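Trainee: For reference, the file my_file_3.txt (compact mmCIF, C-alpha atoms) is included below:
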# COMPACT_ATOMS: atom_id res chain seq x y z
CA MET A 107 -29.77 13.99 6.22
CA LYS A 108 -32.40 14.09 9.02
CA ILE A 109 -33.13 10.37 8.59
CA ARG A 110 -29.42 9.55 8.75
CA SER A 111 -28.88 11.47 11.98
CA THR A 112 -31.91 9.78 13.56
CA ALA A 113 -30.53 6.41 12.56
CA LEU A 114 -27.17 7.39 14.02
CA VAL A 115 -28.78 8.40 17.34
CA ILE A 116 -30.70 5.10 17.46
CA SER A 117 -27.58 3.06 16.75
CA VAL A 118 -25.58 4.94 19.40
CA LEU A 119 -28.31 4.37 21.99
CA THR A 120 -28.59 0.69 21.04
CA PHE A 121 -24.83 0.23 21.31
CA SER A 122 -24.85 1.90 24.74
CA ALA A 123 -27.66 -0.43 25.90
CA ILE A 124 -25.73 -3.51 24.78
CA SER A 125 -22.54 -2.27 26.46
CA ILE A 126 -24.33 -1.72 29.75
CA SER A 127 -25.93 -5.19 29.75
CA SER A 128 -22.65 -6.96 28.97
CA ALA A 129 -20.82 -4.95 31.63
CA GLU A 130 -23.16 -6.50 34.22
CA GLY A 131 -21.93 -10.03 33.45
CA PRO A 132 -18.43 -9.66 32.10
CA LYS A 133 -16.90 -12.65 30.33
CA LYS A 134 -13.28 -13.34 31.17
CA ALA A 135 -11.20 -14.15 28.11
CA PRO A 136 -9.69 -17.61 28.67
CA ALA A 137 -5.99 -17.42 29.50
CA VAL A 138 -3.84 -18.25 26.48
CA ILE A 139 -0.74 -20.06 27.55
CA ASN A 140 2.34 -19.03 25.61
CA PRO A 141 5.02 -21.40 26.87
CA PRO A 142 8.64 -20.68 26.05
CA PRO A 143 9.61 -22.70 22.97
CA THR A 144 11.64 -25.83 23.47
CA ALA A 145 14.65 -26.85 21.41
CA GLN A 146 12.35 -29.36 19.72
CA ASP A 147 9.91 -26.57 18.78
CA TRP A 148 12.74 -24.73 17.03
CA ALA A 149 13.97 -27.92 15.36
CA ASP A 150 10.43 -28.67 14.10
CA LEU A 151 10.46 -25.41 12.12
CA ALA A 152 13.08 -26.94 9.85
CA LYS A 153 10.45 -29.42 8.64
CA LEU A 154 8.29 -26.63 7.25
CA PRO A 155 8.48 -25.62 3.58
CA ASP A 156 10.88 -22.80 2.69
CA TRP A 157 8.89 -19.58 2.60
CA SER A 158 11.92 -17.38 3.20
CA GLY A 159 12.83 -14.42 1.02
CA VAL A 160 11.13 -11.38 -0.43
CA TRP A 161 7.65 -12.10 -1.80
CA ASN A 162 6.40 -9.67 -4.44
CA PRO A 163 2.76 -9.50 -5.49
CA ASN A 164 1.85 -10.32 -9.07
CA ILE A 165 0.24 -6.98 -9.85
CA SER A 166 -0.63 -7.87 -13.43
CA ASP A 167 -2.71 -10.76 -12.12
CA GLN A 168 -4.45 -8.42 -9.66
CA ASP A 169 -5.29 -6.12 -12.59
CA LYS A 170 -6.66 -9.06 -14.59
CA GLN A 171 -8.88 -10.33 -11.80
CA VAL A 172 -10.66 -6.99 -11.51
CA LYS A 173 -12.31 -7.98 -14.79
CA THR A 174 -12.22 -11.79 -14.69
CA ASN A 175 -13.10 -12.46 -11.03
CA PRO A 176 -15.16 -9.68 -9.47
CA PRO A 177 -16.62 -10.33 -6.01
CA PRO A 178 -20.35 -11.16 -5.85
CA TRP A 179 -21.29 -7.73 -4.49
CA ASN A 180 -24.83 -7.22 -3.25
CA GLU A 181 -26.86 -4.73 -5.23
CA GLN A 182 -26.22 -1.69 -3.08
CA THR A 183 -22.49 -2.37 -2.93
CA ALA A 184 -22.25 -3.10 -6.66
CA ARG A 185 -23.59 0.38 -7.38
CA LYS A 186 -20.98 1.97 -5.13
CA ILE A 187 -18.18 -0.02 -6.79
CA GLU A 188 -19.44 0.92 -10.27
CA GLN A 189 -19.32 4.56 -9.29
CA MET A 190 -15.79 4.20 -7.96
CA PHE A 191 -14.62 2.59 -11.20
CA ALA A 192 -16.22 5.46 -13.15
CA GLU A 193 -14.52 8.08 -10.98
CA GLU A 194 -11.19 6.31 -11.30
CA LYS A 195 -11.51 6.18 -15.09
CA ALA A 196 -12.30 9.88 -15.12
CA GLY A 197 -9.04 10.62 -13.31
CA ARG A 198 -10.56 11.20 -9.87
CA PRO A 199 -9.68 7.97 -8.06
CA ARG A 200 -11.15 7.55 -4.61
CA LEU A 201 -8.54 7.39 -1.86
CA ILE A 202 -9.51 4.21 -0.03
CA PHE A 203 -6.28 3.81 1.92
CA ALA A 204 -6.22 7.15 3.73
CA ASN A 205 -4.66 8.08 7.06
CA CYS A 206 -1.80 5.65 6.47
CA LEU A 207 -3.89 2.90 8.03
CA PRO A 208 -3.13 -0.70 7.07
CA GLU A 209 -4.80 -2.09 3.98
CA ALA A 210 -5.98 -4.69 6.53
CA HIS A 211 -7.12 -8.25 5.91
CA PRO A 212 -7.85 -9.44 3.29
CA SER A 213 -7.23 -6.32 1.15
CA TRP A 214 -3.49 -6.50 1.82
CA MET A 215 -3.46 -9.91 0.12
CA LEU A 216 -5.72 -8.64 -2.67
CA VAL A 217 -4.28 -5.30 -3.77
CA THR A 218 -0.86 -4.71 -2.28
CA HIS A 219 1.80 -3.33 -4.63
CA ASN A 220 4.61 -4.03 -2.20
CA ALA A 221 6.72 -6.94 -1.06
CA MET A 222 6.35 -8.97 2.11
CA GLU A 223 8.30 -11.53 4.08
CA ILE A 224 7.05 -14.55 6.05
CA LEU A 225 8.68 -15.59 9.32
CA PHE A 226 8.32 -18.90 11.14
CA THR A 227 8.68 -19.02 14.92
CA PRO A 228 7.34 -21.66 17.31
CA GLY A 229 3.55 -21.53 17.36
CA ARG A 230 3.33 -18.72 14.86
CA VAL A 231 3.56 -17.64 11.23
CA THR A 232 4.10 -13.89 10.88
CA LEU A 233 3.72 -11.86 7.70
CA LEU A 234 5.37 -8.44 7.49
CA GLY A 235 4.75 -5.99 4.66
CA GLU A 236 7.32 -3.64 3.22
CA SER A 237 5.30 -0.49 2.80
CA ASP A 238 2.06 1.29 3.67
CA GLY A 239 2.71 1.11 7.38
CA ASN A 240 1.69 -1.45 9.93
CA ARG A 241 1.18 -4.38 7.62
CA LEU A 242 1.59 -7.22 10.08
CA ARG A 243 -0.32 -10.47 10.32
CA ARG A 244 0.16 -12.91 13.19
CA ILE A 245 -1.18 -16.39 12.45
CA TYR A 246 -1.21 -18.57 15.57
CA THR A 247 -0.35 -22.19 14.82
CA ASP A 248 -0.14 -23.42 18.42
CA GLY A 249 -3.56 -25.05 18.37
CA ARG A 250 -5.49 -22.26 20.05
CA GLY A 251 -9.01 -21.34 18.97
CA HIS A 252 -10.46 -17.92 18.41
CA PRO A 253 -11.08 -15.94 21.62
CA ASP A 254 -14.60 -15.75 23.07
CA VAL A 255 -14.28 -12.01 23.56
CA SER A 256 -14.44 -9.89 20.43
CA ASP A 257 -11.60 -7.43 19.95
CA PRO A 258 -11.65 -6.47 16.28
CA THR A 259 -8.42 -5.42 14.63
CA PHE A 260 -7.21 -4.48 11.15
CA HIS A 261 -5.84 -7.95 10.43
CA GLY A 262 -8.30 -9.90 12.55
CA HIS A 263 -7.55 -12.92 14.72
CA SER A 264 -5.91 -15.66 12.65
CA ILE A 265 -5.40 -19.30 13.59
CA GLY A 266 -3.75 -21.80 11.30
CA HIS A 267 -2.61 -25.37 10.97
CA TRP A 268 -0.40 -27.19 8.49
CA ASP A 269 -2.09 -29.61 6.09
CA GLY A 270 1.03 -31.14 4.60
CA ASP A 271 2.88 -28.17 3.13
CA THR A 272 -0.24 -26.01 2.98
CA LEU A 273 -1.01 -23.54 5.73
CA VAL A 274 -4.75 -23.37 6.33
CA VAL A 275 -5.79 -20.14 8.05
CA ASP A 276 -9.07 -18.97 9.53
CA THR A 277 -9.49 -15.28 10.33
CA VAL A 278 -12.34 -13.58 12.15
CA ASP A 279 -12.88 -10.40 14.16
CA ILE A 280 -11.75 -7.90 11.54
CA LEU A 281 -12.73 -4.27 12.09
CA PRO A 282 -15.93 -3.43 10.17
CA GLN A 283 -14.14 -0.39 8.75
CA ALA A 284 -11.52 -2.56 7.05
CA PRO A 285 -12.17 -2.34 3.33
CA LEU A 286 -12.76 -5.18 0.92
CA ALA A 287 -10.86 -3.65 -2.00
CA VAL A 288 -10.39 -4.93 -5.52
CA SER A 289 -8.11 -2.08 -6.55
CA GLU A 290 -6.54 0.98 -4.95
CA ALA A 291 -9.60 3.03 -5.90
CA ALA A 292 -12.45 0.55 -5.54
CA GLY A 293 -13.44 -0.94 -2.22
CA VAL A 294 -16.01 -0.71 0.55
CA PRO A 295 -15.97 -1.28 4.32
CA ASN A 296 -16.79 -4.92 5.07
CA ASN A 297 -19.31 -3.65 7.67
CA GLY A 298 -18.69 -6.54 10.04
CA ASP A 299 -19.06 -10.33 10.30
CA MET A 300 -16.43 -10.95 7.64
CA ARG A 301 -14.59 -14.26 7.78
CA VAL A 302 -11.58 -15.22 5.65
CA VAL A 303 -10.32 -18.75 5.12
CA GLU A 304 -7.00 -19.16 3.32
CA ARG A 305 -4.90 -21.99 1.95
CA ILE A 306 -1.35 -20.78 1.46
CA ARG A 307 1.19 -22.95 -0.36
CA LEU A 308 4.05 -22.97 -2.82
CA ALA A 309 2.64 -23.44 -6.32
CA ASP A 310 6.15 -23.58 -7.76
CA LYS A 311 9.68 -23.25 -6.44
CA ASP A 312 9.42 -19.47 -6.16
CA VAL A 313 5.68 -18.89 -6.47
CA LEU A 314 3.31 -18.67 -3.49
CA HIS A 315 -0.45 -18.99 -3.91
CA VAL A 316 -2.85 -17.59 -1.36
CA ASP A 317 -6.28 -19.16 -1.99
CA LEU A 318 -8.80 -16.96 -0.22
CA GLU A 319 -12.44 -17.61 0.53
CA ILE A 320 -14.04 -14.42 1.80
CA THR A 321 -17.42 -14.45 3.48
CA ALA A 322 -18.82 -10.96 4.04
CA PRO A 323 -22.59 -11.13 4.48
CA LYS A 324 -23.04 -7.37 4.73
CA ILE A 325 -21.60 -6.69 1.26
CA LEU A 326 -21.43 -9.97 -0.65
CA THR A 327 -24.30 -12.22 -1.76
CA ARG A 328 -22.18 -15.35 -1.29
CA PRO A 329 -18.58 -16.24 -0.37
CA TRP A 330 -15.97 -15.06 -2.87
CA LYS A 331 -13.00 -17.20 -3.89
CA THR A 332 -9.82 -15.82 -5.33
CA THR A 333 -6.21 -16.95 -5.58
CA ARG A 334 -3.54 -14.28 -5.18
CA VAL A 335 -0.07 -14.86 -6.52
CA PHE A 336 3.27 -13.86 -4.97
CA PHE A 337 6.73 -14.57 -6.37
CA ARG A 338 10.27 -14.30 -5.11
CA GLN A 339 13.57 -13.68 -6.83
CA ARG A 340 15.77 -16.54 -5.78
CA ALA A 341 19.20 -14.99 -6.18
CA ARG A 342 18.31 -13.02 -3.02
CA LYS A 343 19.83 -9.81 -4.25
CA PHE A 344 17.17 -7.70 -2.57
CA ASP A 345 16.15 -7.17 1.03
CA ILE A 346 12.90 -5.97 2.48
CA VAL A 347 13.30 -2.28 3.29
CA GLU A 348 11.68 -0.14 5.94
CA GLY A 349 8.52 1.64 4.88
CA VAL A 350 6.95 4.29 7.08
CA CYS A 351 3.77 5.41 5.35
CA ALA A 352 3.52 8.82 7.00
CA GLN A 353 6.99 9.73 5.76
CA GLY A 354 5.38 10.12 2.35
CA ASP A 355 3.68 13.24 3.66
CA LEU A 356 6.92 14.82 4.86
CA SER A 357 10.06 16.42 3.44
CA GLU A 358 13.49 16.41 5.05
CA ARG A 359 14.75 19.87 5.95
CA VAL A 360 17.32 21.51 8.23
CA ASP A 361 15.94 24.30 10.38
CA ALA A 362 17.60 27.54 11.47
CA ASN A 363 19.12 25.76 14.50
CA GLY A 364 20.75 23.13 12.31
CA ASP A 365 18.28 20.48 13.47
CA HIS A 366 17.18 17.86 10.93
CA ILE A 367 13.42 17.96 10.85
CA PHE A 368 10.42 16.89 8.80
CA VAL A 369 8.05 19.42 7.27
CA PRO A 370 4.69 18.43 5.78
CA VAL A 371 3.93 18.35 2.09
CA LYS A 372 0.43 18.81 0.78
CA LYS A 373 -1.47 15.97 -0.82
CA THR A 374 -4.58 16.10 -3.00
CA GLU A 375 -7.85 14.41 -2.03
CA TRP A 376 -6.76 11.45 -4.19
CA GLY A 377 -3.51 10.94 -2.27
CA ASN A 378 -0.98 12.17 -4.81
CA ILE A 379 1.38 15.04 -3.98
CA GLU A 380 -0.08 18.47 -4.73
CA VAL A 381 1.74 20.49 -7.35
CA SER A 382 1.52 24.13 -8.25
CA LYS A 383 0.27 25.52 -11.50
CA MET B 237 21.80 17.07 0.90
CA THR B 238 19.09 19.37 2.16
CA ARG B 239 21.47 22.31 2.48
CA PHE B 240 21.89 22.41 -1.30
CA LEU B 241 18.27 23.27 -1.86
CA SER B 242 17.92 26.86 -2.87
CA SER B 243 15.32 28.58 -0.73
CA ALA B 244 13.19 29.39 -3.76
CA ALA B 245 13.12 25.83 -4.98
CA ALA B 246 12.55 24.50 -1.46
CA CYS B 247 9.53 26.78 -1.13
CA ALA B 248 8.17 25.62 -4.46
CA VAL B 249 8.48 21.99 -3.45
CA ALA B 250 7.43 21.97 0.21
CA GLY B 251 5.87 25.15 1.44
CA GLY B 252 4.48 26.79 -1.65
CA LEU B 253 2.05 23.98 -2.39
CA ALA B 254 -0.71 26.05 -0.93
CA VAL B 255 -3.71 24.45 -2.57
CA GLY B 256 -4.71 20.96 -1.58
CA ILE B 257 -5.91 18.90 1.33
CA SER B 258 -3.33 17.48 3.68
CA THR B 259 -4.32 13.86 4.11
CA VAL B 260 -1.85 11.25 5.26
CA ALA B 261 -2.16 8.81 2.40
CA ALA B 262 -1.10 5.24 1.77
CA HIS B 263 -1.15 3.80 -1.72
CA HIS B 264 -3.42 5.41 -4.23
CA SER B 265 -4.50 4.83 -7.79
CA THR B 266 -2.59 6.72 -10.49
CA THR B 267 -5.39 7.71 -12.83
CA MET B 268 -4.92 11.39 -12.01
CA PHE B 269 -2.07 11.07 -14.54
CA ASP B 270 -2.62 10.72 -18.30
CA HIS B 271 -0.75 7.52 -19.04
CA SER B 272 -1.43 7.80 -22.78
CA LYS B 273 0.91 10.81 -23.03
CA THR B 274 4.49 11.60 -22.12
CA LEU B 275 6.39 14.85 -21.66
CA THR B 276 10.12 15.31 -21.19
CA VAL B 277 11.64 17.75 -18.71
CA THR B 278 15.33 18.57 -18.89
CA GLY B 279 16.97 20.48 -16.07
CA SER B 280 18.49 20.20 -12.63
CA VAL B 281 17.34 18.06 -9.73
CA VAL B 282 15.78 20.05 -6.90
CA GLU B 283 15.00 17.16 -4.56
CA LEU B 284 14.49 13.39 -4.54
CA ARG B 285 12.12 12.42 -1.72
CA TRP B 286 13.03 8.77 -1.13
CA VAL B 287 9.89 7.94 0.86
CA ASN B 288 7.08 5.44 1.18
CA PRO B 289 4.59 4.94 -0.20
CA HIS B 290 5.53 7.10 -3.21
CA VAL B 291 8.94 8.54 -4.05
CA SER B 292 8.88 11.99 -5.67
CA LEU B 293 11.41 13.88 -7.79
CA ALA B 294 11.39 17.63 -8.36
CA VAL B 295 13.21 18.95 -11.43
CA ASP B 296 13.72 22.61 -12.31
CA GLY B 297 13.77 22.67 -16.10
CA THR B 298 12.05 23.10 -19.44
CA ILE B 299 9.65 20.84 -21.31
CA LYS B 300 10.91 19.63 -24.68
CA GLU B 301 7.38 19.27 -26.10
CA LYS B 302 6.20 22.63 -24.75
CA PRO B 303 9.07 25.10 -25.02
CA ASP B 304 6.71 28.04 -24.48
CA ILE B 305 6.25 27.09 -20.82
CA GLY B 306 9.72 28.19 -19.79
CA LYS B 307 11.80 27.09 -16.83
CA ALA B 308 9.76 25.80 -13.90
CA VAL B 309 9.79 23.19 -11.14
CA TRP B 310 8.06 19.93 -12.17
CA LEU B 311 7.14 17.35 -9.53
CA MET B 312 6.99 13.68 -10.52
CA GLU B 313 5.75 10.78 -8.40
CA MET B 314 6.55 7.10 -8.67
CA THR B 315 6.27 3.92 -6.63
CA SER B 316 7.92 2.93 -3.33
CA PRO B 317 11.68 2.71 -2.70
CA GLY B 318 11.64 -1.10 -2.44
CA ASN B 319 9.92 -1.47 -5.82
CA LEU B 320 12.21 1.08 -7.47
CA VAL B 321 15.31 -0.76 -6.26
CA ARG B 322 14.01 -4.07 -7.60
CA ALA B 323 12.35 -2.95 -10.82
CA GLY B 324 14.25 0.14 -11.85
CA GLY B 325 17.76 -0.14 -10.48
CA TRP B 326 17.33 2.86 -8.19
CA ARG B 327 19.29 3.83 -5.10
CA ARG B 328 18.50 6.52 -2.55
CA ASP B 329 21.43 8.49 -3.99
CA ALA B 330 20.54 7.83 -7.65
CA VAL B 331 20.44 11.57 -8.19
CA LYS B 332 21.62 14.53 -6.14
CA PRO B 333 20.32 18.09 -6.06
CA GLY B 334 21.90 20.14 -8.82
CA GLU B 335 22.53 17.20 -11.17
CA GLN B 336 21.38 17.63 -14.77
CA VAL B 337 18.74 15.09 -15.73
CA GLU B 338 16.18 14.28 -18.38
CA VAL B 339 12.90 12.85 -17.15
CA VAL B 340 10.15 11.30 -19.26
CA PHE B 341 6.82 11.34 -17.45
CA SER B 342 3.07 11.02 -17.94
CA PRO B 343 1.59 14.41 -17.04
CA LEU B 344 -1.26 15.10 -14.67
CA ARG B 345 -4.60 15.27 -16.46
CA ASP B 346 -4.93 18.80 -15.11
CA GLU B 347 -2.55 20.30 -17.64
CA GLU B 348 -2.15 23.52 -15.70
CA LYS B 349 -0.37 21.67 -12.92
CA LYS B 350 3.30 20.95 -13.33
CA GLY B 351 3.52 17.30 -12.30
CA GLY B 352 3.25 13.73 -13.43
CA ALA B 353 4.13 10.06 -13.05
CA LEU B 354 7.80 9.36 -13.76
CA LYS B 355 8.52 6.81 -16.46
CA LYS B 356 12.24 7.17 -17.12
CA LEU B 357 15.08 9.19 -15.61
CA THR B 358 18.42 9.73 -17.37
CA VAL B 359 21.39 11.28 -15.58
CA LEU B 360 22.97 13.38 -18.33
CA ALA B 361 26.56 13.33 -17.05
CA THR B 362 26.78 9.54 -16.80
CA GLY B 363 24.03 8.31 -19.12
CA GLU B 364 22.67 6.17 -16.25
CA VAL B 365 18.98 5.32 -16.78
CA PHE B 366 16.35 4.54 -14.11
CA THR B 367 12.83 3.35 -14.84
CA ALA B 368 9.76 3.13 -12.58
CA ASN B 369 7.43 0.41 -13.84
CA ILE B 370 6.32 -1.70 -10.88
CA ARG B 371 5.21 -4.52 -13.18
CA GLU B 372 8.82 -4.88 -14.36
CA GLN B 373 9.43 -6.82 -11.13
CA GLU B 374 7.45 -9.66 -12.69
CA LYS B 375 10.13 -10.18 -15.36
CA PRO B 376 11.53 -13.68 -15.00
CA GLY B 377 15.14 -13.83 -13.88
CA LEU B 378 15.13 -10.30 -12.48
CA GLU B 379 18.21 -11.11 -10.45
Any chance you could put this one into structure tokens?
Mentor:
Amino acid sequence: MKIRSTALVISVLTFSAISISSAEGPKKAPAVINPPPTAQDWADLAKLPDWSGVWNPNISDQDKQVKTNPPPWNEQTARKIEQMFAEEKAGRPRLIFANCLPEAHPSWMLVTHNAMEILFTPGRVTLLGESDGNRLRRIYTDGRGHPDVSDPTFHGHSIGHWDGDTLVVDTVDILPQAPLAVSEAAGVPNNGDMRVVERIRLADKDVLHVDLEITAPKILTRPWKTTRVFFRQRARKFDIVEGVCAQGDLSERVDANGDHIFVPVKKTEWGNIEVSK
Amino acid sequence: MTRFLSSAAACAVAGGLAVGISTVAAHHSTTMFDHSKTLTVTGSVVELRWVNPHVSLAVDGTIKEKPDIGKAVWLMEMTSPGNLVRAGGWRRDAVKPGEQVEVVFSPLRDEEKKGGALKKLTVLATGEVFTANIREQEKPGLE
């Protein structure tokens, strides 16, 4: 404990020193021009492949890959993951996705149990998730590069280009707290410097493959490749529905004034609803 | 809908859950339930919480396999509304408070706690059946 707090003090002081030195010569982020789209820009979207509809993750394939395609964890991380698997098996699964924060990139692609939709607008491909709150990826396809100034986010900064009917995406600047998860109970923070390259394409009429190559030097011994599978139901009977994660911790009630309100429910440390004996 | 909740049942479901840590949670693993077993509760619906990330159903009833337990409120969790609509034929108004139902569920490993993971819900008056297996969405030709 004493060693850890010393290390924490050192890292805080180091961070402060770096902040002060960069404040002396601030770098201006280059202006990104976002011109209004032209009629041609909108017409060009029609040439893209049809990625419309509700995309569901193939959860059975996710389950399979836990065994058949584990990431090349470094030694320290492998021990943590082993322990998490053991705890999960014992019925005490670790709650990785707490505080209703996004699963983040790339864990959303890896372990989501919920649908998503993909929207095309000029200069952008946008992915929106159905549940778990705040699952939103903006992939800029207008030719811009990554910014010079680091501003880490849950889904990182993504730039993409079309290689035929395949969208090639490069993502950097993901928050170091964002987990690299292989299941809902096994994952670790990426700890920074993670980079994700994806090739996204239709593998079949209603099957989307996301080929990921994840480089995470703080936790992996080498880049990890995995393909994640999404499928859509073509009769289009279903729509994406709203999903507010924090609503799962609330119940609908009417108070003494007749006002419709939310009251909290209790959850266990593993995220399931607490029940009485 | 909320007005139909009896104050006793409402307490049992929302306020009376005194033990436990309040942590705003997104998706979680389901190994706190014993998926190798099922129990069946028959009784009346207290409340269906149609919420993300996990819908929950409270039923005030008796357990077929354990008649000695007596009437009590059992709280079952399942997946998200979107998945339930696609994989199990659910609607937000699939059941209403007071309706008589039979629910098959995998109980919590802590057998003292009255809860579990819902597998199948049958509305007794109509015979309508709802299931909650998220992997059912992978069935070809779901629509």
Trainee: Identify every residue of chain A that has at least one atom within 7 Å of any atom of chain B, counting all atoms listed in the file, and report the result as number ranges by chain.
Mentor: A: 164-166, 194-195, 197-199, 201, 203-206, 220, 237-238, 290-291, 339, 341, 343-344, 347, 349-355, 357-360, 371-377, 380-383
Trainee: The selected residues should be written to file as a PDB file, in the frame of the given file (atoms: C-alpha atoms).
Mentor:
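Saved the output as selection.pdb:
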ATOM      1  CA  ASN A 164       1.850 -10.320  -9.070  1.00  0.00           C
ATOM      2  CA  ILE A 165       0.240  -6.980  -9.850  1.00  0.00           C
ATOM      3  CA  SER A 166      -0.630  -7.870 -13.430  1.00  0.00           C
ATOM      4  CA  GLU A 194     -11.190   6.310 -11.300  1.00  0.00           C
ATOM      5  CA  LYS A 195     -11.510   6.180 -15.090  1.00  0.00           C
ATOM      6  CA  GLY A 197      -9.040  10.620 -13.310  1.00  0.00           C
ATOM      7  CA  ARG A 198     -10.560  11.200  -9.870  1.00  0.00           C
ATOM      8  CA  PRO A 199      -9.680   7.970  -8.060  1.00  0.00           C
ATOM      9  CA  LEU A 201      -8.540   7.390  -1.860  1.00  0.00           C
ATOM     10  CA  PHE A 203      -6.280   3.810   1.920  1.00  0.00           C
ATOM     11  CA  ALA A 204      -6.220   7.150   3.730  1.00  0.00           C
ATOM     12  CA  ASN A 205      -4.660   8.080   7.060  1.00  0.00           C
ATOM     13  CA  CYS A 206      -1.800   5.650   6.470  1.00  0.00           C
ATOM     14  CA  ASN A 220       4.610  -4.030  -2.200  1.00  0.00           C
ATOM     15  CA  SER A 237       5.300  -0.490   2.800  1.00  0.00           C
ATOM     16  CA  ASP A 238       2.060   1.290   3.670  1.00  0.00           C
ATOM     17  CA  GLU A 290      -6.540   0.980  -4.950  1.00  0.00           C
ATOM     18  CA  ALA A 291      -9.600   3.030  -5.900  1.00  0.00           C
ATOM     19  CA  GLN A 339      13.570 -13.680  -6.830  1.00  0.00           C
ATOM     20  CA  ALA A 341      19.200 -14.990  -6.180  1.00  0.00           C
ATOM     21  CA  LYS A 343      19.830  -9.810  -4.250  1.00  0.00           C
ATOM     22  CA  PHE A 344      17.170  -7.700  -2.570  1.00  0.00           C
ATOM     23  CA  VAL A 347      13.300  -2.280   3.290  1.00  0.00           C
ATOM     24  CA  GLY A 349       8.520   1.640   4.880  1.00  0.00           C
ATOM     25  CA  VAL A 350       6.950   4.290   7.080  1.00  0.00           C
ATOM     26  CA  CYS A 351       3.770   5.410   5.350  1.00  0.00           C
ATOM     27  CA  ALA A 352       3.520   8.820   7.000  1.00  0.00           C
ATOM     28  CA  GLN A 353       6.990   9.730   5.760  1.00  0.00           C
ATOM     29  CA  GLY A 354       5.380  10.120   2.350  1.00  0.00           C
ATOM     30  CA  ASP A 355       3.680  13.240   3.660  1.00  0.00           C
ATOM     31  CA  SER A 357      10.060  16.420   3.440  1.00  0.00           C
ATOM     32  CA  GLU A 358      13.490  16.410   5.050  1.00  0.00           C
ATOM     33  CA  ARG A 359      14.750  19.870   5.950  1.00  0.00           C
ATOM     34  CA  VAL A 360      17.320  21.510   8.230  1.00  0.00           C
ATOM     35  CA  VAL A 371       3.930  18.350   2.090  1.00  0.00           C
ATOM     36  CA  LYS A 372       0.430  18.810   0.780  1.00  0.00           C
ATOM     37  CA  LYS A 373      -1.470  15.970  -0.820  1.00  0.00           C
ATOM     38  CA  THR A 374      -4.580  16.100  -3.000  1.00  0.00           C
ATOM     39  CA  GLU A 375      -7.850  14.410  -2.030  1.00  0.00           C
ATOM     40  CA  TRP A 376      -6.760  11.450  -4.190  1.00  0.00           C
ATOM     41  CA  GLY A 377      -3.510  10.940  -2.270  1.00  0.00           C
ATOM     42  CA  GLU A 380      -0.080  18.470  -4.730  1.00  0.00           C
ATOM     43  CA  VAL A 381       1.740  20.490  -7.350  1.00  0.00           C
ATOM     44  CA  SER A 382       1.520  24.130  -8.250  1.00  0.00           C
ATOM     45  CA  LYS A 383       0.270  25.520 -11.500  1.00  0.00           C
TER      46      LYS A 383
END
Trainee: Restricting the calculation to only C-alpha atoms, which member of A:Met215, A:Val160, A:Ile306, A:Leu151 is positioned closest to Asp269 in chain A?
Mentor: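 Once distances to Asp269 in chain A are computed over only C-alpha atoms, the minimum belongs to A:Ile306.
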Trainee: Provide the CA of Lys355 in chain B to CA of Trp161 in chain A distance in Å, to one decimal place.
Mentor: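 Computing the Euclidean distance for CA of Lys355 in chain B and CA of Trp161 in chain A yields 23.9 Å.
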Trainee: So which one's closest to Thr333 in chain A, A:Val217, A:Ala210, A:Ile346, A:Ala292? Using only C-alpha atoms, please.
Mentor: A:Val217
Trainee: Show which residues sit within 12 Å of Leu216 in chain A, as a PyMOL selection string. Count all atoms listed in the file, and ignore same-chain residues fewer than 4 positions away.
Mentor: chain A and resi 163-172+175-177+209-212+220+285-290+292-293+315-320+331-336
Trainee: Need the shell around range 225-229 of chain A: protein/DNA/RNA residues with any atom at most 6 Å away, counting only C-alpha atoms. Skip same-chain ones fewer than 2 positions apart. Format as a PyMOL selection string?
Mentor: chain A and resi 147+231-232+246-248
Trainee: Take the selection from the previous step and output its residues with C-alpha atoms, as a JSON list (two decimals), in the coordinates of the input.
Mentor:
[["chain", "number", "residue", "atom", "x", "y", "z"],
["A", 147, "ASP", "CA", 9.91, -26.57, 18.78],
["A", 231, "VAL", "CA", 3.56, -17.64, 11.23],
["A", 232, "THR", "CA", 4.10, -13.89, 10.88],
["A", 246, "TYR", "CA", -1.21, -18.57, 15.57],
["A", 247, "THR", "CA", -0.35, -22.19, 14.82],
["A", 248, "ASP", "CA", -0.14, -23.42, 18.42]]
Trainee: Ranking A:Ile325, A:Val302, A:Ala362, A:Ala184 by minimum distance to Ser213 in chain A and counting all atoms listed in the file, which one comes first?
Mentor: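 Among A:Ile325, A:Val302, A:Ala362, A:Ala184, it is A:Val302 that comes nearest to Ser213 in chain A.
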Trainee: Once N, CA and C atoms are restored for range 195-199 of chain A, what would the output be as a tab-separated table (two decimals), in the frame of the given file?
Mentor:
chain	number	residue	atom	x	y	z
A	195	LYS	N	-11.73	6.04	-13.65
A	195	LYS	CA	-11.51	6.18	-15.09
A	195	LYS	C	-11.46	7.65	-15.50
A	196	ALA	N	-12.25	8.45	-14.79
A	196	ALA	CA	-12.30	9.88	-15.12
A	196	ALA	C	-11.11	10.65	-14.55
A	197	GLY	N	-10.24	9.96	-13.84
A	197	GLY	CA	-9.04	10.62	-13.31
A	197	GLY	C	-9.23	11.18	-11.92
A	198	ARG	N	-10.30	10.74	-11.23
A	198	ARG	CA	-10.56	11.20	-9.87
A	198	ARG	C	-10.67	9.98	-8.94
A	199	PRO	N	-9.59	9.22	-8.82
A	199	PRO	CA	-9.68	7.97	-8.06
A	199	PRO	C	-9.91	8.19	-6.58
